[in-house]
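These notes are about the structure you will find just below.
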Amino acid sequence: MNFEEYAAKSLVLAPAGIAIPRGVLCRTAAEAAQVAAEIGPCVVKAQVPTGKRGKAGGIRLANTPQQAAQVAAQILGMRIGDYVVERLLVEEQAKIVREFYAAVLHDTAACQPLILFSTEGGMDIEEIAAAKPQAIRRLNVAIDGKPQAQDIAGMLAGLALGAAEAQVAGTLEKLYRAYRSRDAELVEINPLAQLADGRVVALDCKFTLDDAAVFRQQEIAGSAGAEAMTALERRGAQNGLKFIQLDGNVGVLANGAGLTMTTMDVIRHFGGRPANFLEIGGEAYTKSEIALDLVLSNAGVKSLVINFCGAYARTDVMADGVVKAWHKLKPKVPVFFSIHGTGETEAVALVRSELGIEPYDFMEDAVAAAVKAAQ
Amino acid sequence: MIVRKEDKVIVLGMTGKQGTFWTEKMQAYGTNVVAGIHPKRAGETALGVPVFASTAEAVSKVGGDVAVMFIPPSAAREAAVSAAAAGVKLLVVLTEHIPAQDVMAIHAAAARCGTRIVGPNTAGLVTPGECFVGIMPAFVPSVFKPGSVGVISRSGSLGTLVCLNLTRAGIGQSAFVGIGGDPMLGTTTLDALRALDRDEGTEAIVIVGEIGGAMEEAAARHAAAMKKPVVAFIAGRASPPGKKMGHAGAIVTTQAGSYAGKRKALEDAGVLVVDTPRQIPEALAITRNTSR
């Protein structure tokens with residue numbers, strides 16, 4: 001889950017001892033003016049859990065409280081990506097001398113944490129990688145250890161950081177500790193700025209918390225930015241189901257990410273368009289009742305494929321949930337089953353006797369029939 | 001990573017609901033389960049085998065080649081690290097949603113101890129007609145039958161479907177290697193491909209891949225030099241581009257993980273890539289009749 005800048009700075013950077021500008025979270029133009037009166041010339045920054053805020057006009061300078069109120073009024077309510085701006089961070093302006101890039105993230109190829117640093121701050125890391133790949137320094141760290149001072153010094157060697165070098169090195173060590181203690185998937189400071197007064201300060205921060213670690217990051221997890229979702233996707237998430245609404249008309253209910261993706265692929269193969277992705281694999285296999293409700297609540301659905309291939313997920317348990325939901329919802333759309341694997345004898349018998357439907361032997365045939373029915 | 005019926009298997013979390021259900025299935029199929037682990041039930045006997053407090057104790061008392069984990073995510077790191085330290089050679093990590101930094105620690109411990117990890121988030125390993133370790137429907141005769149085709153799959157459900165299609169076409173399997181759906185795996189597609197390439201009982205191999213990561217591309221480079229025929233299906237062609245993992249992640253892995261890229265890499269290596277799972281048996285027949 002992604003955090004907005006303010007939450008990332010105050011919950012992750014500041015507790016790790018990384019310097020951040022003075023700033024206050026505001027919800028109205030009046031609040032922004034009041035904060036500007038206290039801290040002087042300021043930056044008014046839209047708080048949404050996505051990038052490209054500057055390019056969208058969501059970050060503006062203000063030199064007086066009146067200006068702060070004015071730009072705040074313009075930014076509030078603005079749409080950036082999938083989000084509408086409801087909060088602003090009003091921060092003191094910084095006199096920037098140099099901008100750096102710093103991040104710690106998973107290096108999945110090496111199965112280790114990776115520290116990234118570049119003197120080309122302010123740009124997206126993808127842009128730096130494309131334009132000046134030699135400007136990016138990398139340091140892998142053993143997960144059971146920590147970055148050693150000489151390794152960080154080696155990483156920064158030749159970058160002519162001058163007086164800022166010690167502060168940059170310290171920031172990287174602290175950032176690594178923050179990554180570890182906060183279960184970050186990514187924690188990124190861009191830019192990390194050297195100011196006219198010599199300080200090195202984090203002017204922006206992106207923090208992504210590992211979804212799988214929420215159970216031990218309870219004190220910060222609640223402060224994550226709300227994800228942009230459709231109403232149905234939100235209902236899925238509230239029930240612990242990964243539901244992605246698509247623009248097609250063939251509904252999909254399958255178990256496991258691999259089989260679900262394959263069902264969507266085969267729909268495409270036969271010229272149809274999938275209406276959703278929905279994962280009920282793993283422990284979620286007991287949730288087929290609510291899952292079916294979700295798929296059928298999608299107004300665009302003209303036919304439905306139910307494709308179960310039970311390994312861990314027992315098809316008899318999933319079929320039982322489907323049958324129960326079916327009796328409750330009494331859907332009008334035609335449905336096409338393919339059921340195999342763990343529990344298949346019971347599951348097939350249940351679908352036959354309760355719904356009067358004969359499952360197809362091959363998922364390809366069930367999908368082809370569903371695509372045809374949706375046309 | 002091809003399990004044999006002689007291999008001594010230790011089950012971590014055996015006395016839980018899922019642990020009990022699947023251990024009974026494994027035993028009935030022929031897996032040599034020698035011990036269960038549960039700190040509070042040490043000294044008891046369950047499902048006909050002794051329960052020990054730790055994997056180390058089990059290994060010292062009754063031995064153990066393979067360990068399999070029915071352990072929730074929050075306890076997975078400690079269980080896996082101690083199983084590796086106990087000297088288990090092969091550790092099958094079924095657990096899904098282990099925090100990524102814990103997964104790194106598990107892999108680091110395995111590397112130190114010389115343990116091979118399969119997973120995390122794998123459905124396990126099946127040697128049809130012999131034994132299985134994990135949560136695969138090895139015991140459903142319409143799905144698995146002994147034979148000479150090795151199957152490598154990131155997904156349990158899709159791997160099950162592929163084996164079912166093979167079995168229906170009269171093609172048996174030498175081994176099913178579920179490598180797992182996590183981004184950081186102990187055993188990659190390439191590792192499994194090499195093992196099946198070496199295996200005398202395997203004559204042809206099916207790779208069941210997915211979009212994301214670079215494992216299929218790496219396996220393709222090895223496949224190009226193989227004598228045994230390889231067929232592949234890659235799931236995710238119709239999936240919308242991933243919303244996740246913006247920014248820095250992309251430059252670290254330096255690849256897109258797209259369907260098109262994987263398919264091209266495999267086809268350039270002489271692997272026949274099919275459009276739907278049902279086409280796999282026919283593709284195998286074609287590749288086996290074409291000399292490479």
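Labeling convention for the structure tokens: chains A, B, ... as they appear, residues from 1 per chain, ligands from 1 in order of appearance.
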Contacts of Arg27 of chain A within 7 Å, only C-alpha atoms, excl. fewer than 4 positions in-chain, as a list of chain:residue names: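 Everything that qualifies: A:Glu31, A:Glu86, A:Arg87, A:Leu88.
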Writer output for current selection, N, CA and C atoms, as a compact mmCIF listing (two decimals), in the first residue's frame:
# COMPACT_ATOMS: atom_id res chain seq x y z
N GLU A 31 -6.91 27.11 6.16
CA GLU A 31 -5.85 26.47 6.95
C GLU A 31 -4.49 26.70 6.31
N GLU A 86 -7.83 16.02 -1.64
CA GLU A 86 -8.62 16.46 -0.47
C GLU A 86 -7.75 17.05 0.62
N ARG A 87 -6.43 16.81 0.53
CA ARG A 87 -5.50 17.28 1.56
C ARG A 87 -4.28 17.91 0.91
N LEU A 88 -3.71 18.87 1.63
CA LEU A 88 -2.51 19.57 1.15
C LEU A 88 -1.44 19.51 2.21
Helix (DSSP H, G or I) call set, DSSP backbone run, segment 148-217 of chain B, as number ranges by chain: B: 156-168, 189-198, 215-217
8 Å contacts from chain B to chain A using only C-alpha atoms, as a VMD selection string: chain B and resid 74 96 to 101 104 to 105 107 to 108 123 135 to 137 140 142 to 143 154 to 158 160 to 161 183 to 184 210 235 to 239 247 to 253 275 to 276 278
Nearest-residue call for Ala14 of chain A, choices A:Ala368, A:Asn307, A:Leu175, A:Ser338, using only C-alpha atoms: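 So, comparing all the options, the nearest one is A:Leu175.
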Contacts of Ala69 of chain A at 10 Å (only C-alpha atoms; same-chain gap of 3+ positions) as number ranges by chain: A: 28-36, 44, 62, 64-66, 72-74
Atoms kept (N, CA and C atoms) for selection, written as a PDB file, in the first residue's frame:
ATOM      1  N   THR A  28      -8.192  22.858   4.081  1.00  0.00           N
ATOM      2  CA  THR A  28      -8.900  23.988   3.461  1.00  0.00           C
ATOM      3  C   THR A  28      -7.900  25.079   3.090  1.00  0.00           C
ATOM      4  N   ALA A  29      -8.362  26.009   2.246  1.00  0.00           N
ATOM      5  CA  ALA A  29      -7.532  27.145   1.839  1.00  0.00           C
ATOM      6  C   ALA A  29      -7.232  28.039   3.045  1.00  0.00           C
ATOM      7  N   ALA A  30      -8.197  28.172   3.933  1.00  0.00           N
ATOM      8  CA  ALA A  30      -8.005  29.007   5.121  1.00  0.00           C
ATOM      9  C   ALA A  30      -6.898  28.431   6.003  1.00  0.00           C
ATOM     10  N   GLU A  31      -6.911  27.105   6.161  1.00  0.00           N
ATOM     11  CA  GLU A  31      -5.854  26.467   6.953  1.00  0.00           C
ATOM     12  C   GLU A  31      -4.490  26.695   6.305  1.00  0.00           C
ATOM     13  N   ALA A  32      -4.459  26.611   4.972  1.00  0.00           N
ATOM     14  CA  ALA A  32      -3.198  26.799   4.255  1.00  0.00           C
ATOM     15  C   ALA A  32      -2.665  28.215   4.484  1.00  0.00           C
ATOM     16  N   ALA A  33      -3.559  29.210   4.450  1.00  0.00           N
ATOM     17  CA  ALA A  33      -3.153  30.600   4.669  1.00  0.00           C
ATOM     18  C   ALA A  33      -2.596  30.775   6.079  1.00  0.00           C
ATOM     19  N   GLN A  34      -3.255  30.170   7.029  1.00  0.00           N
ATOM     20  CA  GLN A  34      -2.826  30.267   8.429  1.00  0.00           C
ATOM     21  C   GLN A  34      -1.428  29.679   8.613  1.00  0.00           C
ATOM     22  N   VAL A  35      -1.193  28.514   7.997  1.00  0.00           N
ATOM     23  CA  VAL A  35       0.119  27.870   8.103  1.00  0.00           C
ATOM     24  C   VAL A  35       1.169  28.740   7.419  1.00  0.00           C
ATOM     25  N   ALA A  36       0.817  29.312   6.262  1.00  0.00           N
ATOM     26  CA  ALA A  36       1.757  30.166   5.541  1.00  0.00           C
ATOM     27  C   ALA A  36       2.129  31.386   6.375  1.00  0.00           C
ATOM     28  N   VAL A  44       2.859  24.539  -1.577  1.00  0.00           N
ATOM     29  CA  VAL A  44       1.561  23.904  -1.318  1.00  0.00           C
ATOM     30  C   VAL A  44       1.503  22.648  -2.181  1.00  0.00           C
ATOM     31  N   ALA A  62       4.053  29.537  -2.911  1.00  0.00           N
ATOM     32  CA  ALA A  62       3.270  30.690  -2.436  1.00  0.00           C
ATOM     33  C   ALA A  62       4.157  31.500  -1.507  1.00  0.00           C
ATOM     34  N   THR A  64       3.048  34.451   0.065  1.00  0.00           N
ATOM     35  CA  THR A  64       2.267  35.148   1.096  1.00  0.00           C
ATOM     36  C   THR A  64       1.088  34.262   1.507  1.00  0.00           C
ATOM     37  N   PRO A  65       0.490  34.530   2.651  1.00  0.00           N
ATOM     38  CA  PRO A  65      -0.702  33.763   3.059  1.00  0.00           C
ATOM     39  C   PRO A  65      -1.823  33.858   2.015  1.00  0.00           C
ATOM     40  N   GLN A  66      -1.969  35.040   1.395  1.00  0.00           N
ATOM     41  CA  GLN A  66      -3.015  35.205   0.377  1.00  0.00           C
ATOM     42  C   GLN A  66      -2.760  34.261  -0.801  1.00  0.00           C
ATOM     43  N   ALA A  72      -4.045  26.960  -2.862  1.00  0.00           N
ATOM     44  CA  ALA A  72      -4.685  25.848  -2.153  1.00  0.00           C
ATOM     45  C   ALA A  72      -6.086  25.619  -2.710  1.00  0.00           C
ATOM     46  N   ALA A  73      -6.799  26.732  -2.952  1.00  0.00           N
ATOM     47  CA  ALA A  73      -8.167  26.626  -3.486  1.00  0.00           C
ATOM     48  C   ALA A  73      -8.140  25.987  -4.878  1.00  0.00           C
ATOM     49  N   GLN A  74      -7.075  26.306  -5.642  1.00  0.00           N
ATOM     50  CA  GLN A  74      -6.980  25.725  -6.983  1.00  0.00           C
ATOM     51  C   GLN A  74      -6.651  24.231  -6.948  1.00  0.00           C
TER      52      GLN A  74
END
Shell of 9 Å around Gly186 of chain B, only C-alpha atoms, local chain residues under 2 positions omitted, as JSON, numbers by chain: {"B": [107, 110, 116, 117, 118, 119, 120, 179, 184, 188]}
Nearest to Trp22 of chain B by atom-to-atom distance, counting only C-alpha atoms, from B:Val133, B:Ser60, B:Leu91, B:Ser54: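 That would be B:Val133, the residue with the smallest distance to Trp22 of chain B.
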Test item, strand (DSSP E) assignment across segment 111-247 of chain B, answer as JSON, numbers by chain: {"B": [116, 117, 118, 124, 125, 126, 127, 131, 132, 133, 134, 146, 147, 148, 149, 150, 151, 152, 153, 173, 174, 175, 176, 177, 178, 204, 205, 206, 207, 208, 209, 210, 230, 231, 232, 233, 234, 235]}
Just-selected residues, N, CA, C and O atoms written as a compact mmCIF listing (two decimals), in the first residue's frame:
# COMPACT_ATOMS: atom_id res chain seq x y z
N ARG B 116 17.80 -26.41 -0.19
CA ARG B 116 17.05 -25.92 -1.35
C ARG B 116 15.63 -25.58 -0.91
O ARG B 116 14.95 -26.40 -0.30
N ILE B 117 15.22 -24.36 -1.21
CA ILE B 117 13.84 -23.95 -0.93
C ILE B 117 13.02 -24.13 -2.20
O ILE B 117 13.45 -23.75 -3.29
N VAL B 118 11.85 -24.71 -2.07
CA VAL B 118 10.86 -24.68 -3.16
C VAL B 118 9.73 -23.79 -2.65
O VAL B 118 9.16 -24.03 -1.60
N GLY B 124 3.55 -27.29 -4.26
CA GLY B 124 4.31 -28.46 -3.90
C GLY B 124 4.82 -29.29 -5.07
O GLY B 124 4.85 -28.84 -6.21
N LEU B 125 5.25 -30.50 -4.74
CA LEU B 125 5.92 -31.40 -5.69
C LEU B 125 5.17 -32.72 -5.77
O LEU B 125 4.74 -33.25 -4.74
N VAL B 126 5.02 -33.23 -6.98
CA VAL B 126 4.34 -34.52 -7.16
C VAL B 126 5.23 -35.42 -8.02
O VAL B 126 5.73 -34.99 -9.05
N THR B 127 5.42 -36.64 -7.57
CA THR B 127 6.01 -37.67 -8.41
C THR B 127 4.91 -38.71 -8.61
O THR B 127 4.67 -39.54 -7.74
N CYS B 131 4.82 -40.48 -4.77
CA CYS B 131 4.57 -39.69 -3.57
C CYS B 131 4.32 -38.23 -3.95
O CYS B 131 4.53 -37.85 -5.11
N PHE B 132 3.85 -37.42 -3.01
CA PHE B 132 3.78 -35.99 -3.23
C PHE B 132 3.98 -35.25 -1.92
O PHE B 132 3.78 -35.80 -0.84
N VAL B 133 4.44 -34.00 -2.04
CA VAL B 133 4.68 -33.16 -0.87
C VAL B 133 4.01 -31.81 -1.16
O VAL B 133 4.43 -31.11 -2.08
N GLY B 134 2.97 -31.50 -0.40
CA GLY B 134 2.32 -30.20 -0.61
C GLY B 134 0.82 -30.32 -0.66
O GLY B 134 0.22 -31.13 0.05
N PRO B 146 1.48 -41.73 -13.79
CA PRO B 146 2.92 -41.85 -14.00
C PRO B 146 3.26 -41.84 -15.49
O PRO B 146 2.49 -42.33 -16.32
N GLY B 147 4.40 -41.27 -15.81
CA GLY B 147 4.82 -41.18 -17.20
C GLY B 147 6.15 -40.48 -17.32
O GLY B 147 6.94 -40.50 -16.37
N SER B 148 6.37 -39.81 -18.45
CA SER B 148 7.72 -39.29 -18.71
C SER B 148 7.76 -37.81 -19.07
O SER B 148 8.76 -37.32 -19.56
N VAL B 149 6.68 -37.08 -18.80
CA VAL B 149 6.70 -35.63 -19.07
C VAL B 149 6.80 -34.87 -17.75
O VAL B 149 6.00 -35.08 -16.83
N GLY B 150 7.80 -34.02 -17.66
CA GLY B 150 7.96 -33.19 -16.47
C GLY B 150 7.20 -31.89 -16.64
O GLY B 150 7.19 -31.31 -17.72
N VAL B 151 6.55 -31.44 -15.57
CA VAL B 151 5.76 -30.20 -15.64
C VAL B 151 6.29 -29.22 -14.60
O VAL B 151 6.43 -29.57 -13.42
N ILE B 152 6.57 -28.00 -15.04
CA ILE B 152 7.03 -26.93 -14.15
C ILE B 152 5.95 -25.86 -14.14
O ILE B 152 5.55 -25.38 -15.19
N SER B 153 5.48 -25.46 -12.94
CA SER B 153 4.40 -24.48 -12.91
C SER B 153 4.56 -23.50 -11.76
O SER B 153 4.91 -23.87 -10.65
N GLN B 173 3.05 -38.22 -16.31
CA GLN B 173 4.07 -37.26 -15.89
C GLN B 173 5.15 -37.93 -15.04
O GLN B 173 4.86 -38.79 -14.21
N SER B 174 6.39 -37.49 -15.27
CA SER B 174 7.51 -37.99 -14.45
C SER B 174 7.57 -37.22 -13.13
O SER B 174 7.89 -37.78 -12.09
N ALA B 175 7.28 -35.93 -13.20
CA ALA B 175 7.30 -35.10 -11.99
C ALA B 175 6.56 -33.80 -12.26
O ALA B 175 6.57 -33.29 -13.38
N PHE B 176 5.91 -33.31 -11.21
CA PHE B 176 5.33 -31.97 -11.24
C PHE B 176 6.14 -31.13 -10.26
O PHE B 176 6.25 -31.50 -9.08
N VAL B 177 6.71 -30.04 -10.74
CA VAL B 177 7.46 -29.15 -9.86
C VAL B 177 6.73 -27.82 -9.77
O VAL B 177 6.73 -27.03 -10.72
N GLY B 178 6.07 -27.59 -8.65
CA GLY B 178 5.42 -26.31 -8.41
C GLY B 178 6.47 -25.38 -7.83
O GLY B 178 6.96 -25.60 -6.73
N ALA B 204 10.33 -35.23 -21.89
CA ALA B 204 9.90 -33.94 -22.42
C ALA B 204 9.41 -33.09 -21.26
O ALA B 204 9.06 -33.61 -20.20
N ILE B 205 9.39 -31.76 -21.47
CA ILE B 205 9.07 -30.86 -20.37
C ILE B 205 8.03 -29.81 -20.80
O ILE B 205 8.09 -29.29 -21.91
N VAL B 206 7.09 -29.54 -19.90
CA VAL B 206 6.11 -28.47 -20.12
C VAL B 206 6.39 -27.37 -19.10
O VAL B 206 6.43 -27.63 -17.89
N ILE B 207 6.59 -26.16 -19.58
CA ILE B 207 6.74 -24.99 -18.71
C ILE B 207 5.42 -24.24 -18.67
O ILE B 207 4.90 -23.85 -19.72
N VAL B 208 4.87 -24.09 -17.47
CA VAL B 208 3.64 -23.32 -17.31
C VAL B 208 4.04 -22.01 -16.61
O VAL B 208 4.27 -22.00 -15.41
N GLY B 209 4.17 -20.96 -17.40
CA GLY B 209 4.66 -19.70 -16.87
C GLY B 209 3.56 -18.68 -16.68
O GLY B 209 2.38 -18.95 -16.91
N GLU B 210 3.98 -17.51 -16.26
CA GLU B 210 3.05 -16.38 -16.05
C GLU B 210 3.78 -15.10 -16.39
O GLU B 210 5.01 -15.05 -16.31
N VAL B 230 10.70 -29.11 -25.33
CA VAL B 230 10.07 -28.26 -24.32
C VAL B 230 8.87 -27.55 -24.95
O VAL B 230 8.97 -26.99 -26.05
N VAL B 231 7.73 -27.58 -24.23
CA VAL B 231 6.52 -26.90 -24.65
C VAL B 231 6.16 -25.92 -23.54
O VAL B 231 6.44 -26.19 -22.37
N ALA B 232 5.57 -24.78 -23.90
CA ALA B 232 5.24 -23.81 -22.85
C ALA B 232 3.87 -23.18 -23.06
O ALA B 232 3.38 -23.05 -24.19
N PHE B 233 3.26 -22.84 -21.95
CA PHE B 233 2.06 -21.99 -21.94
C PHE B 233 2.34 -20.87 -20.94
O PHE B 233 2.81 -21.13 -19.84
N ILE B 234 2.08 -19.63 -21.35
CA ILE B 234 2.30 -18.48 -20.46
C ILE B 234 0.95 -17.83 -20.19
O ILE B 234 0.26 -17.39 -21.10
N ALA B 235 0.58 -17.76 -18.93
CA ALA B 235 -0.69 -17.15 -18.54
C ALA B 235 -0.54 -15.64 -18.41
O ALA B 235 0.52 -15.17 -18.00
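Nearest to Ile189 of chain A of all the residues A:Leu161, A:Ile96, A:Ile75, A:Ile115 is A:Ile115, based on only C-alpha atoms.
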Spatial neighbours of Lys174 of chain A, 7 Å, only C-alpha atoms, chain gap at least 4 places, as a list in words: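 Here the qualifying residues turn out to be Ala16, Gly17, Ile18, Gly170 and Ala178 of chain A.
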Selection near Cys205 of chain A, 10 Å with only C-alpha atoms, sequence-local residues under 6 positions removed, as number ranges by chain: A: 3-10, 12-13, 20, 102-103, 187-192
Closest of B:Gln18, B:Gln27, B:Thr167, B:Thr287 to Val271 of chain B - atom-to-atom distances counting only C-alpha atoms: B:Thr287
Distance query Ala223 of chain B at most 12 Å, only C-alpha atoms, self and fewer than 2 positions along chain excluded, as a VMD selection string: chain B and resid 189 to 194 196 to 197 204 to 207 216 to 221 225 to 232 265 to 272 292
Interatomic distance (Å, one decimal) between atom CA of Val367 of chain A and atom CA of Ser297 of chain A: 19.9 Å
Best match for closeness to Val59 of chain B among B:Gly87, B:Gly30, B:Gly170, B:Gly213, counting only C-alpha atoms: B:Gly87
